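A.B. asks: Next up is a structure, given as structure tokens.
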Amino acid sequence: MKDRKTTHFGYQEVPVEEKAGRVAEVFHSVASRYDVMNDLMSGGIHRLWKRFTIELSGARPGQQILDIAGGTGDLTARFSRIVGASGQVVLADINASMLEVGRDRLIDRGIAGNVVPVQADAQHLPFPDNTFDCITIAFGLRNVTDKDLALRDMLRVLKAGGRLLVLEFSKPQSRLLEKIYDQYSFRLLPLMGKLVANDADSYRYLAESIRRHPNQETLKQMMVEAGFVECEFHNMTGGIVALHRGIKP
């Protein structure tokens, strides 16, 4: 049993085969309050981060877009308007609860027709090679067990010249900001989770998962090794969040 493979779930080490189930439990728990918590946690700034992601996507009418870990559908809604009736946006999430919330929110906003919800694992995407013009994954990659495998599969389903955009929490660029961010993440975040979502543990995991995620340069190198070219990243809010972009050659 000593050679049994493990991975991190926050600050815990768990068997690889257990991580997906544990992450699923977290998001089943927080799905109904996820949007409210996002606004509280970021002070609404997450909307600006997502807007910048849309701008760098280069999305145009008629394109095929894949929004992985699309959750409550923020990016999908924006892409739906851009690609229009001749295009299509796939809202993908591995978690059924998150996907249901996202689908219902989009329907409530009158966004349908060119949006297809699909329950999908980022490591094993159920799409043919060379399908999409653009792929986004916002605040989802850090929850994937095998990030290298996921990046390679994203490359596979992109068309040549297609873009991958990874929006994710990253490493603050100053020590002072890092200290303030640590206090916020490990003290205030679980408290907000308890008060708003009645779930401190899930938000403690989310804070820990951010710390275990690769930093900016490491993720950029992972994208290069997966086969992407012209890889770059843009720090936002002092590096608390970074947007990585890579192109399929």
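Starting from 1 in every chain, residues are counted up; chains themselves are A, B, ... following the order of the structure tokens, and ligands are numbered from 1 as listed.
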Taking the backbone alone, and naming residues the way the document does, which bits of segment 14-172 of chain A are helix (DSSP H, G or I) by DSSP, as a PyMOL selection string?
C.D. replies: chain A and resi 16-42+46-57+74-83+96-108+141-143+147-157
A.B. asks: Using the chain letters and numbers from this document, which residues of segment 21-213 of chain A does DSSP assign to strand (DSSP E or B), as a VMD selection string?
C.D. replies: chain A and resid 64 to 68 88 to 93 115 to 119 121 124 132 to 138 158 to 169
A.B. asks: Keeping only N, CA, C and O atoms, take the residues you just selected and write them out as a CSV table (one decimal), in the first residue's frame.
C.D. replies:
```csv
chain,number,residue,atom,x,y,z
A,64,GLN,N,-17.1,28.4,-32.1
A,64,GLN,CA,-17.5,27.4,-31.2
A,64,GLN,C,-16.6,27.6,-29.9
A,64,GLN,O,-15.4,27.6,-30.0
A,65,ILE,N,-17.2,27.8,-28.8
A,65,ILE,CA,-16.6,28.1,-27.5
A,65,ILE,C,-16.9,27.0,-26.5
A,65,ILE,O,-18.0,26.6,-26.4
A,66,LEU,N,-15.8,26.6,-25.7
A,66,LEU,CA,-16.0,25.7,-24.6
A,66,LEU,C,-15.6,26.4,-23.3
A,66,LEU,O,-14.5,26.9,-23.2
A,67,ASP,N,-16.6,26.5,-22.4
A,67,ASP,CA,-16.4,27.1,-21.1
A,67,ASP,C,-16.4,26.0,-20.1
A,67,ASP,O,-17.4,25.5,-19.6
A,68,ILE,N,-15.1,25.6,-19.7
A,68,ILE,CA,-14.9,24.4,-18.8
A,68,ILE,C,-15.1,25.0,-17.4
A,68,ILE,O,-14.6,26.1,-17.0
A,88,GLN,N,-21.9,28.6,-31.2
A,88,GLN,CA,-22.3,27.8,-30.1
A,88,GLN,C,-21.4,27.8,-28.9
A,88,GLN,O,-20.1,27.9,-29.1
A,89,VAL,N,-21.9,27.8,-27.7
A,89,VAL,CA,-21.1,27.8,-26.5
A,89,VAL,C,-21.5,26.5,-25.7
A,89,VAL,O,-22.7,26.3,-25.4
A,90,VAL,N,-20.5,25.7,-25.3
A,90,VAL,CA,-20.7,24.6,-24.5
A,90,VAL,C,-20.4,25.0,-23.1
A,90,VAL,O,-19.2,25.3,-22.8
A,91,LEU,N,-21.4,24.9,-22.2
A,91,LEU,CA,-21.2,25.1,-20.8
A,91,LEU,C,-20.9,23.8,-20.1
A,91,LEU,O,-21.7,22.9,-20.0
A,92,ALA,N,-19.6,23.6,-19.7
A,92,ALA,CA,-19.2,22.3,-19.2
A,92,ALA,C,-18.8,22.4,-17.7
A,92,ALA,O,-18.2,23.3,-17.3
A,93,ASP,N,-19.2,21.4,-17.0
A,93,ASP,CA,-18.8,21.4,-15.6
A,93,ASP,C,-18.9,19.9,-15.1
A,93,ASP,O,-19.8,19.2,-15.6
A,115,VAL,N,-26.5,27.7,-26.6
A,115,VAL,CA,-25.8,27.2,-25.4
A,115,VAL,C,-26.2,25.7,-25.1
A,115,VAL,O,-27.4,25.4,-25.1
A,116,VAL,N,-25.2,24.9,-24.9
A,116,VAL,CA,-25.4,23.5,-24.7
A,116,VAL,C,-24.7,23.1,-23.3
A,116,VAL,O,-23.5,23.2,-23.3
A,117,PRO,N,-25.4,22.7,-22.3
A,117,PRO,CA,-24.8,22.3,-21.1
A,117,PRO,C,-24.3,20.8,-21.2
A,117,PRO,O,-25.1,20.0,-21.7
A,118,VAL,N,-23.1,20.6,-20.7
A,118,VAL,CA,-22.6,19.2,-20.8
A,118,VAL,C,-21.8,18.9,-19.5
A,118,VAL,O,-20.9,19.7,-19.1
A,119,GLN,N,-22.2,17.8,-18.8
A,119,GLN,CA,-21.4,17.4,-17.7
A,119,GLN,C,-20.1,16.7,-18.2
A,119,GLN,O,-20.2,15.7,-18.9
A,121,ASP,N,-15.6,16.0,-17.5
A,121,ASP,CA,-14.4,16.0,-16.8
A,121,ASP,C,-13.3,16.7,-17.7
A,121,ASP,O,-13.1,16.2,-18.8
A,124,HIS,N,-10.8,14.4,-19.4
A,124,HIS,CA,-11.3,13.5,-20.4
A,124,HIS,C,-12.5,14.1,-21.1
A,124,HIS,O,-13.6,13.7,-20.9
A,132,PHE,N,-13.1,23.3,-31.1
A,132,PHE,CA,-13.4,24.6,-30.6
A,132,PHE,C,-12.4,25.7,-31.0
A,132,PHE,O,-11.2,25.4,-31.2
A,133,ASP,N,-12.9,26.9,-31.2
A,133,ASP,CA,-12.1,28.1,-31.5
A,133,ASP,C,-11.4,28.6,-30.2
A,133,ASP,O,-10.4,29.3,-30.3
A,134,CYS,N,-12.1,28.5,-29.1
A,134,CYS,CA,-11.6,29.0,-27.9
A,134,CYS,C,-12.1,28.2,-26.7
A,134,CYS,O,-13.2,27.7,-26.7
A,135,ILE,N,-11.2,28.0,-25.7
A,135,ILE,CA,-11.6,27.3,-24.4
A,135,ILE,C,-11.3,28.2,-23.3
A,135,ILE,O,-10.2,28.8,-23.2
A,136,THR,N,-12.2,28.4,-22.4
A,136,THR,CA,-11.9,29.1,-21.1
A,136,THR,C,-12.1,28.1,-19.9
A,136,THR,O,-13.0,27.3,-20.0
A,137,ILE,N,-11.3,28.3,-18.9
A,137,ILE,CA,-11.6,27.6,-17.6
A,137,ILE,C,-11.3,28.7,-16.5
A,137,ILE,O,-10.1,29.1,-16.3
A,138,ALA,N,-12.3,29.1,-15.8
A,138,ALA,CA,-12.2,30.2,-14.8
A,138,ALA,C,-12.4,29.6,-13.4
A,138,ALA,O,-13.5,29.0,-13.1
A,158,LEU,N,-9.1,21.8,-29.2
A,158,LEU,CA,-9.0,23.1,-29.8
A,158,LEU,C,-8.6,23.0,-31.3
A,158,LEU,O,-7.9,22.0,-31.7
A,159,LYS,N,-9.1,23.9,-32.1
A,159,LYS,CA,-8.7,23.9,-33.5
A,159,LYS,C,-7.3,24.6,-33.6
A,159,LYS,O,-6.9,25.3,-32.7
A,160,ALA,N,-6.6,24.4,-34.7
A,160,ALA,CA,-5.3,25.0,-34.9
A,160,ALA,C,-5.5,26.5,-34.8
A,160,ALA,O,-6.5,27.1,-35.5
A,161,GLY,N,-4.7,27.2,-34.0
A,161,GLY,CA,-4.9,28.7,-33.9
A,161,GLY,C,-5.8,29.0,-32.8
A,161,GLY,O,-6.0,30.2,-32.5
A,162,GLY,N,-6.5,28.0,-32.2
A,162,GLY,CA,-7.4,28.3,-31.1
A,162,GLY,C,-6.8,28.7,-29.8
A,162,GLY,O,-5.6,28.4,-29.6
A,163,ARG,N,-7.5,29.4,-29.0
A,163,ARG,CA,-6.9,29.9,-27.8
A,163,ARG,C,-7.5,29.2,-26.5
A,163,ARG,O,-8.6,28.9,-26.4
A,164,LEU,N,-6.6,29.0,-25.6
A,164,LEU,CA,-6.9,28.6,-24.2
A,164,LEU,C,-6.7,29.8,-23.3
A,164,LEU,O,-5.6,30.4,-23.3
A,165,LEU,N,-7.7,30.0,-22.4
A,165,LEU,CA,-7.6,31.1,-21.4
A,165,LEU,C,-7.9,30.4,-20.0
A,165,LEU,O,-9.0,29.9,-19.9
A,166,VAL,N,-6.9,30.5,-19.2
A,166,VAL,CA,-7.0,30.0,-17.8
A,166,VAL,C,-7.0,31.2,-16.8
A,166,VAL,O,-6.0,31.8,-16.6
A,167,LEU,N,-8.2,31.4,-16.2
A,167,LEU,CA,-8.3,32.5,-15.2
A,167,LEU,C,-8.3,31.8,-13.8
A,167,LEU,O,-9.2,30.9,-13.6
A,168,GLU,N,-7.4,32.1,-13.0
A,168,GLU,CA,-7.2,31.4,-11.7
A,168,GLU,C,-6.5,32.3,-10.7
A,168,GLU,O,-5.8,33.2,-11.0
A,169,PHE,N,-6.9,32.0,-9.4
A,169,PHE,CA,-6.1,32.6,-8.3
A,169,PHE,C,-4.7,32.2,-8.4
A,169,PHE,O,-4.3,31.1,-8.8
```
A.B. asks: Just give me the gap between atom CA of Gly113 of chain A and atom CA of Gly87 of chain A in Å, one decimal is fine.
C.D. replies: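 Between atom CA of Gly113 of chain A and atom CA of Gly87 of chain A the gap works out to 9.9 Å.
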A.B. asks: When distances are computed from only C-alpha atoms, which of A:Ile240, A:Lys5, A:Arg51, A:Lys194 shows the smallest separation from Leu177 of chain A?
C.D. replies: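 Nearest to Leu177 of chain A: A:Ile240.
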A.B. asks: With distances taken over only C-alpha atoms, which residue among A:Arg204, A:Pro249, A:Ala85, A:Gly238 lies nearest Arg175 of chain A?
C.D. replies: A:Gly238
A.B. asks: Mind pulling up the distance from atom CA of Leu75 of chain A to atom CA of Ile111 of chain A?
C.D. replies: 12.1 Å
A.B. asks: Extract, using only C-alpha atoms, all DNA, RNA and protein residues at most 10 Å from Ile210 of chain A, discarding same-chain residues fewer than 3 positions from it, and format them as a list of chain:residue names.
C.D. replies: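 Here the answer would be A:Gly10, A:Phe139, A:Arg142, A:Asn143, A:Glu168, A:Phe169, A:Ser170, A:Lys171, A:Ser185, A:Tyr205, A:Leu206, A:Ala207, A:His213, A:Pro214, A:Asn215, A:Ile240.
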A.B. asks: Keeping only N, CA, C and O atoms, write those residues as an mmCIF file, in the first residue's frame.
C.D. replies:
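Full text of selection_29.cif as output:
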```
data_model
loop_
_atom_site.group_PDB
_atom_site.id
_atom_site.type_symbol
_atom_site.label_atom_id
_atom_site.label_comp_id
_atom_site.auth_asym_id
_atom_site.auth_seq_id
_atom_site.Cartn_x
_atom_site.Cartn_y
_atom_site.Cartn_z
ATOM 1 N N GLY A 10 -6.762 20.443 -0.806
ATOM 2 C CA GLY A 10 -6.377 21.498 0.125
ATOM 3 C C GLY A 10 -5.024 21.148 0.709
ATOM 4 O O GLY A 10 -4.081 20.821 -0.013
ATOM 5 N N PHE A 139 -11.356 29.687 -12.639
ATOM 6 C CA PHE A 139 -11.380 29.234 -11.243
ATOM 7 C C PHE A 139 -11.765 27.757 -11.127
ATOM 8 O O PHE A 139 -12.462 27.360 -10.207
ATOM 9 N N ARG A 142 -7.546 24.621 -10.637
ATOM 10 C CA ARG A 142 -6.908 24.222 -9.381
ATOM 11 C C ARG A 142 -7.616 23.027 -8.728
ATOM 12 O O ARG A 142 -7.029 22.349 -7.890
ATOM 13 N N ASN A 143 -8.847 22.759 -9.128
ATOM 14 C CA ASN A 143 -9.588 21.626 -8.560
ATOM 15 C C ASN A 143 -9.409 20.335 -9.362
ATOM 16 O O ASN A 143 -9.910 19.284 -8.961
ATOM 17 N N GLU A 168 -7.364 32.131 -13.012
ATOM 18 C CA GLU A 168 -7.227 31.389 -11.748
ATOM 19 C C GLU A 168 -6.545 32.252 -10.688
ATOM 20 O O GLU A 168 -5.769 33.150 -10.998
ATOM 21 N N PHE A 169 -6.862 31.952 -9.441
ATOM 22 C CA PHE A 169 -6.140 32.578 -8.336
ATOM 23 C C PHE A 169 -4.669 32.182 -8.446
ATOM 24 O O PHE A 169 -4.340 31.067 -8.842
ATOM 25 N N SER A 170 -3.787 33.120 -8.076
ATOM 26 C CA SER A 170 -2.368 32.860 -8.250
ATOM 27 C C SER A 170 -1.587 33.432 -7.072
ATOM 28 O O SER A 170 -2.135 33.563 -5.972
ATOM 29 N N LYS A 171 -0.340 33.779 -7.303
ATOM 30 C CA LYS A 171 0.540 34.215 -6.203
ATOM 31 C C LYS A 171 0.668 35.736 -6.168
ATOM 32 O O LYS A 171 1.140 36.339 -7.138
ATOM 33 N N SER A 185 -7.897 35.031 3.631
ATOM 34 C CA SER A 185 -8.286 33.706 3.145
ATOM 35 C C SER A 185 -8.581 32.724 4.270
ATOM 36 O O SER A 185 -9.541 31.950 4.198
ATOM 37 N N TYR A 205 -11.417 24.805 2.374
ATOM 38 C CA TYR A 205 -10.783 24.025 1.307
ATOM 39 C C TYR A 205 -10.451 24.916 0.111
ATOM 40 O O TYR A 205 -9.369 24.824 -0.475
ATOM 41 N N LEU A 206 -11.393 25.796 -0.276
ATOM 42 C CA LEU A 206 -11.145 26.662 -1.427
ATOM 43 C C LEU A 206 -9.920 27.540 -1.196
ATOM 44 O O LEU A 206 -9.111 27.738 -2.109
ATOM 45 N N ALA A 207 -9.756 28.058 0.021
ATOM 46 C CA ALA A 207 -8.573 28.870 0.340
ATOM 47 C C ALA A 207 -7.302 28.033 0.255
ATOM 48 O O ALA A 207 -6.278 28.472 -0.287
ATOM 49 N N HIS A 213 -2.129 25.619 -5.776
ATOM 50 C CA HIS A 213 -2.140 25.771 -7.231
ATOM 51 C C HIS A 213 -0.792 26.307 -7.717
ATOM 52 O O HIS A 213 -0.154 27.116 -7.033
ATOM 53 N N PRO A 214 -0.322 25.871 -8.890
ATOM 54 C CA PRO A 214 0.959 26.355 -9.421
ATOM 55 C C PRO A 214 0.974 27.881 -9.558
ATOM 56 O O PRO A 214 -0.048 28.482 -9.914
ATOM 57 N N ASN A 215 2.146 28.495 -9.311
ATOM 58 C CA ASN A 215 2.240 29.945 -9.473
ATOM 59 C C ASN A 215 2.272 30.305 -10.960
ATOM 60 O O ASN A 215 2.225 29.429 -11.837
ATOM 61 N N ILE A 240 -3.092 38.395 -7.232
ATOM 62 C CA ILE A 240 -4.056 37.508 -6.550
ATOM 63 C C ILE A 240 -4.734 36.617 -7.578
ATOM 64 O O ILE A 240 -5.033 35.456 -7.323
#
```
